[in-house]
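For reference, upload.txt is printed below; it contains compact mmCIF, C-alpha atoms.
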# COMPACT_ATOMS: atom_id res chain seq x y z
CA MET A 1 -18.92 -12.43 -12.60
CA THR A 2 -18.50 -14.33 -9.38
CA LEU A 3 -19.79 -11.66 -7.04
CA THR A 4 -23.47 -12.44 -7.64
CA GLY A 5 -25.51 -14.12 -4.94
CA LEU A 6 -23.41 -13.06 -1.99
CA PRO A 7 -25.20 -12.76 1.37
CA LEU A 8 -26.03 -9.34 2.70
CA TRP A 9 -23.76 -9.59 5.78
CA ALA A 10 -20.75 -9.74 3.47
CA THR A 11 -21.83 -7.31 0.77
CA VAL A 12 -22.66 -4.20 2.81
CA PRO A 13 -19.50 -4.08 4.99
CA ALA A 14 -17.31 -5.05 2.02
CA THR A 15 -18.73 -2.19 -0.07
CA LEU A 16 -18.23 0.36 2.68
CA LEU A 17 -14.71 -0.90 3.44
CA LEU A 18 -13.69 -0.85 -0.22
CA ILE A 19 -14.88 2.73 -0.68
CA ALA A 20 -13.11 3.80 2.53
CA GLY A 21 -9.89 2.01 1.56
CA GLY A 22 -9.84 3.51 -1.92
CA LEU A 23 -10.42 7.03 -0.63
CA LEU A 24 -7.77 6.68 2.10
CA THR A 25 -5.14 5.39 -0.30
CA LEU A 26 -5.93 8.09 -2.85
CA THR A 27 -5.71 10.79 -0.17
CA GLY A 28 -2.34 9.48 0.96
CA SER A 29 -0.89 9.47 -2.54
CA ILE A 30 -2.21 12.97 -3.32
CA GLY A 31 -0.52 14.11 -0.11
CA LEU A 32 2.71 12.51 -1.36
CA VAL A 33 2.57 14.78 -4.41
CA ARG A 34 1.40 17.97 -2.77
CA PHE A 35 3.45 18.25 0.43
CA LYS A 36 6.50 20.50 0.37
CA ASP A 37 9.21 18.79 2.42
CA PHE A 38 10.47 15.22 2.44
CA PHE A 39 9.86 14.87 6.16
CA ALA A 40 6.28 16.06 5.62
CA ARG A 41 5.97 13.71 2.67
CA MET A 42 6.77 10.70 4.89
CA HIS A 43 3.41 10.97 6.65
CA PRO A 44 0.57 10.71 4.09
CA PRO A 45 1.43 7.42 2.32
CA THR A 46 1.49 5.52 5.61
CA MET A 47 -2.24 6.19 5.91
CA GLY A 48 -2.82 4.23 2.72
CA THR A 49 -0.25 1.60 3.66
CA THR A 50 -1.82 0.72 7.00
CA LEU A 51 -5.47 1.80 7.20
CA GLY A 52 -6.30 1.64 3.49
CA THR A 53 -4.73 -1.78 3.07
CA ALA A 54 -6.45 -2.99 6.24
CA CYS A 55 -9.84 -1.88 4.91
CA VAL A 56 -9.31 -3.58 1.55
CA LEU A 57 -8.01 -6.81 3.08
CA VAL A 58 -10.86 -7.07 5.60
CA ALA A 59 -13.30 -6.60 2.71
CA SER A 60 -11.46 -9.31 0.79
CA MET A 61 -11.67 -11.61 3.82
CA LEU A 62 -15.43 -11.06 4.10
CA VAL A 63 -16.08 -11.74 0.41
CA SER A 64 -13.87 -14.83 0.19
CA SER A 65 -15.41 -16.22 3.40
CA ALA A 66 -18.84 -15.79 1.85
CA LEU A 67 -17.69 -17.39 -1.39
CA VAL A 68 -16.27 -20.57 0.13
CA HIS A 69 -18.88 -20.82 2.96
CA ARG A 70 -16.26 -21.09 5.69
CA PRO A 71 -13.93 -18.60 7.42
CA ALA A 72 -11.08 -17.66 5.06
CA VAL A 73 -8.47 -15.63 6.89
CA HIS A 74 -5.38 -16.02 4.70
CA GLU A 75 -5.40 -12.27 3.95
CA VAL A 76 -4.25 -11.73 7.54
CA LEU A 77 -0.78 -12.75 6.31
CA ILE A 78 -0.42 -9.67 4.09
CA LEU A 79 -1.89 -7.46 6.81
CA LEU A 80 0.48 -8.76 9.48
CA PHE A 81 3.48 -8.50 7.18
CA LEU A 82 2.67 -4.91 6.18
CA PHE A 83 2.02 -3.86 9.76
CA ILE A 84 5.40 -5.25 10.80
CA THR A 85 7.39 -3.87 7.86
CA ALA A 86 5.89 -0.38 7.41
CA PRO A 87 7.54 1.12 10.55
CA VAL A 88 10.88 -0.49 9.67
CA THR A 89 10.79 1.01 6.16
CA ALA A 90 9.72 4.42 7.44
CA MET A 91 12.40 4.50 10.10
CA LEU A 92 15.22 3.49 7.74
CA LEU A 93 14.11 6.00 5.10
CA MET A 94 13.87 8.74 7.71
CA ARG A 95 17.35 7.96 8.98
CA ALA A 96 18.71 7.99 5.42
CA ALA A 97 17.08 11.34 4.68
CA PHE A 98 18.27 12.76 8.00
CA TYR A 99 21.80 11.63 7.27
CA ARG A 100 21.78 12.95 3.71
CA SER A 101 20.31 16.33 4.61
CA GLY A 102 23.31 17.13 6.80
CA ALA A 103 21.17 17.72 9.86
CA ARG A 104 23.24 15.21 11.80
CA ARG A 105 26.29 17.47 11.89
CA HIS A 106 24.24 20.32 13.32
CA VAL A 107 22.90 18.05 16.03
CA ASN A 108 26.35 16.76 16.93
CA ASP A 109 27.93 20.20 17.09
CA MET B 1 -26.99 -5.85 -3.95
CA SER B 2 -23.95 -7.43 -5.55
CA LEU B 3 -24.12 -4.75 -8.23
CA VAL B 4 -23.25 -2.18 -5.57
CA LEU B 5 -20.23 -4.27 -4.55
CA ASP B 6 -19.23 -4.46 -8.20
CA TYR B 7 -19.36 -0.68 -8.47
CA ALA B 8 -17.38 -0.37 -5.22
CA VAL B 9 -14.67 -2.64 -6.67
CA TRP B 10 -14.53 -0.45 -9.79
CA PHE B 11 -14.35 2.71 -7.70
CA ALA B 12 -11.54 1.30 -5.55
CA SER B 13 -9.62 0.21 -8.66
CA LEU B 14 -9.94 3.70 -10.07
CA CYS B 15 -8.72 5.19 -6.78
CA PHE B 16 -5.69 2.89 -6.75
CA VAL B 17 -4.81 3.68 -10.36
CA VAL B 18 -4.98 7.44 -9.70
CA ALA B 19 -2.88 6.90 -6.55
CA MET B 20 -0.32 4.97 -8.63
CA LEU B 21 -0.18 7.89 -11.07
CA CYS B 22 0.42 10.31 -8.17
CA ALA B 23 3.25 8.11 -6.90
CA LEU B 24 4.66 7.96 -10.45
CA VAL B 25 4.65 11.77 -10.63
CA ARG B 26 6.62 11.93 -7.36
CA LEU B 27 8.94 9.21 -8.68
CA PHE B 28 9.86 11.32 -11.71
CA VAL B 29 9.73 14.79 -10.11
CA GLY B 30 11.19 14.02 -6.68
CA PRO B 31 14.11 16.35 -5.98
CA HIS B 32 16.10 13.90 -3.84
CA ALA B 33 16.80 10.20 -4.00
CA GLN B 34 14.87 9.53 -0.79
CA ASP B 35 11.75 11.05 -2.36
CA ARG B 36 12.03 8.58 -5.19
CA VAL B 37 12.45 5.64 -2.83
CA LEU B 38 9.38 6.73 -0.87
CA ALA B 39 7.43 7.09 -4.13
CA LEU B 40 8.49 3.57 -5.15
CA ASP B 41 7.32 2.27 -1.77
CA THR B 42 3.90 3.89 -2.24
CA PHE B 43 3.80 2.68 -5.83
CA TYR B 44 4.20 -0.99 -4.99
CA ILE B 45 1.64 -0.81 -2.21
CA ASN B 46 -0.88 0.69 -4.63
CA GLY B 47 -0.01 -1.88 -7.27
CA MET B 48 -0.54 -4.66 -4.73
CA LEU B 49 -3.95 -3.23 -3.84
CA SER B 50 -5.05 -2.95 -7.47
CA LEU B 51 -3.93 -6.56 -7.97
CA LEU B 52 -6.17 -7.52 -5.04
CA MET B 53 -9.02 -5.71 -6.81
CA LEU B 54 -8.35 -7.85 -9.90
CA GLY B 55 -8.57 -10.89 -7.63
CA PHE B 56 -11.92 -9.62 -6.36
CA ARG B 57 -13.29 -9.45 -9.88
CA ALA B 58 -11.86 -12.81 -10.96
CA GLY B 59 -12.71 -14.65 -7.75
CA SER B 60 -9.36 -16.45 -7.86
CA ALA B 61 -6.92 -17.21 -5.05
CA PHE B 62 -3.78 -16.78 -7.18
CA TYR B 63 -3.96 -13.01 -7.00
CA PHE B 64 -3.56 -13.21 -3.24
CA GLU B 65 -0.27 -15.06 -3.60
CA MET B 66 0.94 -12.54 -6.16
CA ALA B 67 0.04 -9.73 -3.76
CA LEU B 68 1.94 -11.43 -0.94
CA LEU B 69 5.01 -11.80 -3.19
CA ILE B 70 4.81 -8.14 -4.22
CA ALA B 71 4.65 -7.12 -0.55
CA LEU B 72 7.70 -9.28 0.28
CA PHE B 73 9.89 -8.14 -2.61
CA GLY B 74 8.81 -4.52 -2.27
CA PHE B 75 9.83 -4.51 1.38
CA ALA B 76 13.20 -6.07 0.53
CA SER B 77 13.86 -3.56 -2.27
CA THR B 78 12.88 -0.55 -0.16
CA ILE B 79 15.09 -1.70 2.70
CA ALA B 80 17.99 -2.27 0.31
CA LEU B 81 17.60 1.18 -1.26
CA ALA B 82 17.29 2.92 2.11
CA LYS B 83 20.36 1.08 3.38
CA PHE B 84 22.25 2.10 0.28
CA LEU B 85 21.28 5.74 0.79
CA LEU B 86 22.29 5.54 4.43
CA ARG B 87 25.63 3.77 4.17
CA GLY B 88 26.60 3.73 0.49
CA GLU B 89 26.64 -0.07 0.61
CA VAL B 90 23.87 -2.64 1.02
CA ILE B 91 25.64 -5.62 2.58
CA GLU B 92 28.64 -4.55 4.56
CA PRO B 93 31.59 -6.87 5.06
Could I get this structure in the form of structure tokens?
Amino acid sequence: MTLTGLPLWATVPATLLLIAGGLLTLTGSIGLVRFKDFFARMHPPTMGTTLGTACVLVASMLVSSALVHRPAVHEVLILLFLFITAPVTAMLLMRAAFYRSGARRHVND
Amino acid sequence: MSLVLDYAVWFASLCFVVAMLCALVRLFVGPHAQDRVLALDTFYINGMLSLLMLGFRAGSAFYFEMALLIALFGFASTIALAKFLLRGEVIEP
């Protein structure tokens, strides 16, 4: 186990952030199962994609910085990439669902 | 104090595994194709997060690179599937 002997300034925020991230992601995925409509189902997983992933990656940054005794910020890469790509994915999927549901014809008429 | 962090890592791993199971249920049940694509999107995000939890427990930097690759390829696959649903073709001439 490599997590022994970490300083307190890294352990307490990392614990809280990990619990928050896990709960947020789990809530988002349960919402993906339970919601009725596809357009309602678009919303909950984005909570886990953005906020849950951000919590987990900030916790990872804290722990790896404490492990190597210098600031380690390479997790920002994943965070930045996900924050850029999540709206693109959501918008393309929404347009595809909108097109396939036939709502476009009603709007154009 | 590190024991608490260890338990938090276990709890988060459990949350991500249950979230992956939820996404898998939507992947198999989903009435339309776009539901399945959305479930796949959620599934790879949760898989990436549980891989990061494995990296936490191992203390290795390789898991971070695997997570970055999963994020990249998952984005590309979701965009390709959404484009296919939208236009019936991925790369148009």
Taking only C-alpha atoms into account, what are the residues of chain B at most 6 Å from chain A, put as a ChimeraX atom specification? /B:2,5,8,12,15,19,22,26,68,82,85-86
With a distance cut-off of 12 Å and only C-alpha atoms, select the neighbouring residues of Ser77 (chain B), excluding the residue or stretch itself and same-chain residues fewer than 4 positions from it, and output the selection as a compact mmCIF listing (two decimals) with C-alpha atoms, keeping the file's coordinate frame.
# COMPACT_ATOMS: atom_id res chain seq x y z
CA THR A 89 10.79 1.01 6.16
CA VAL B 37 12.45 5.64 -2.83
CA LEU B 38 9.38 6.73 -0.87
CA LEU B 40 8.49 3.57 -5.15
CA ASP B 41 7.32 2.27 -1.77
CA TYR B 44 4.20 -0.99 -4.99
CA ILE B 70 4.81 -8.14 -4.22
CA ALA B 71 4.65 -7.12 -0.55
CA LEU B 72 7.70 -9.28 0.28
CA PHE B 73 9.89 -8.14 -2.61
CA LEU B 81 17.60 1.18 -1.26
CA ALA B 82 17.29 2.92 2.11
CA LYS B 83 20.36 1.08 3.38
CA PHE B 84 22.25 2.10 0.28
CA VAL B 90 23.87 -2.64 1.02
For CA of Phe56 (chain B) and CA of Val9 (chain B), the interatomic separation in Å (one decimal): 7.5 Å
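For the pair CA of Ala67 (chain B) and CA of Leu49 (chain B), the interatomic distance is 7.6 Å.
Note that the spacing between CA of Gly47 (chain B) and CA of Ser13 (chain B) amounts to 9.9 Å.
Compared by their closest atoms to Ile79 (chain B), and using only C-alpha atoms, the residues B:Met48, B:Leu21, B:Gln34, B:Arg57 rank with B:Gln34 nearest.
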Distance criterion (only C-alpha atoms): nearest to His43 (chain A) out of B:Val18, B:Leu69, B:Leu24, B:Thr42: B:Thr42
Counting only C-alpha atoms, the residue of B:Ala61, B:Gly88, B:Asp35, B:Thr78 that sits nearest Ala72 (chain A): B:Ala61
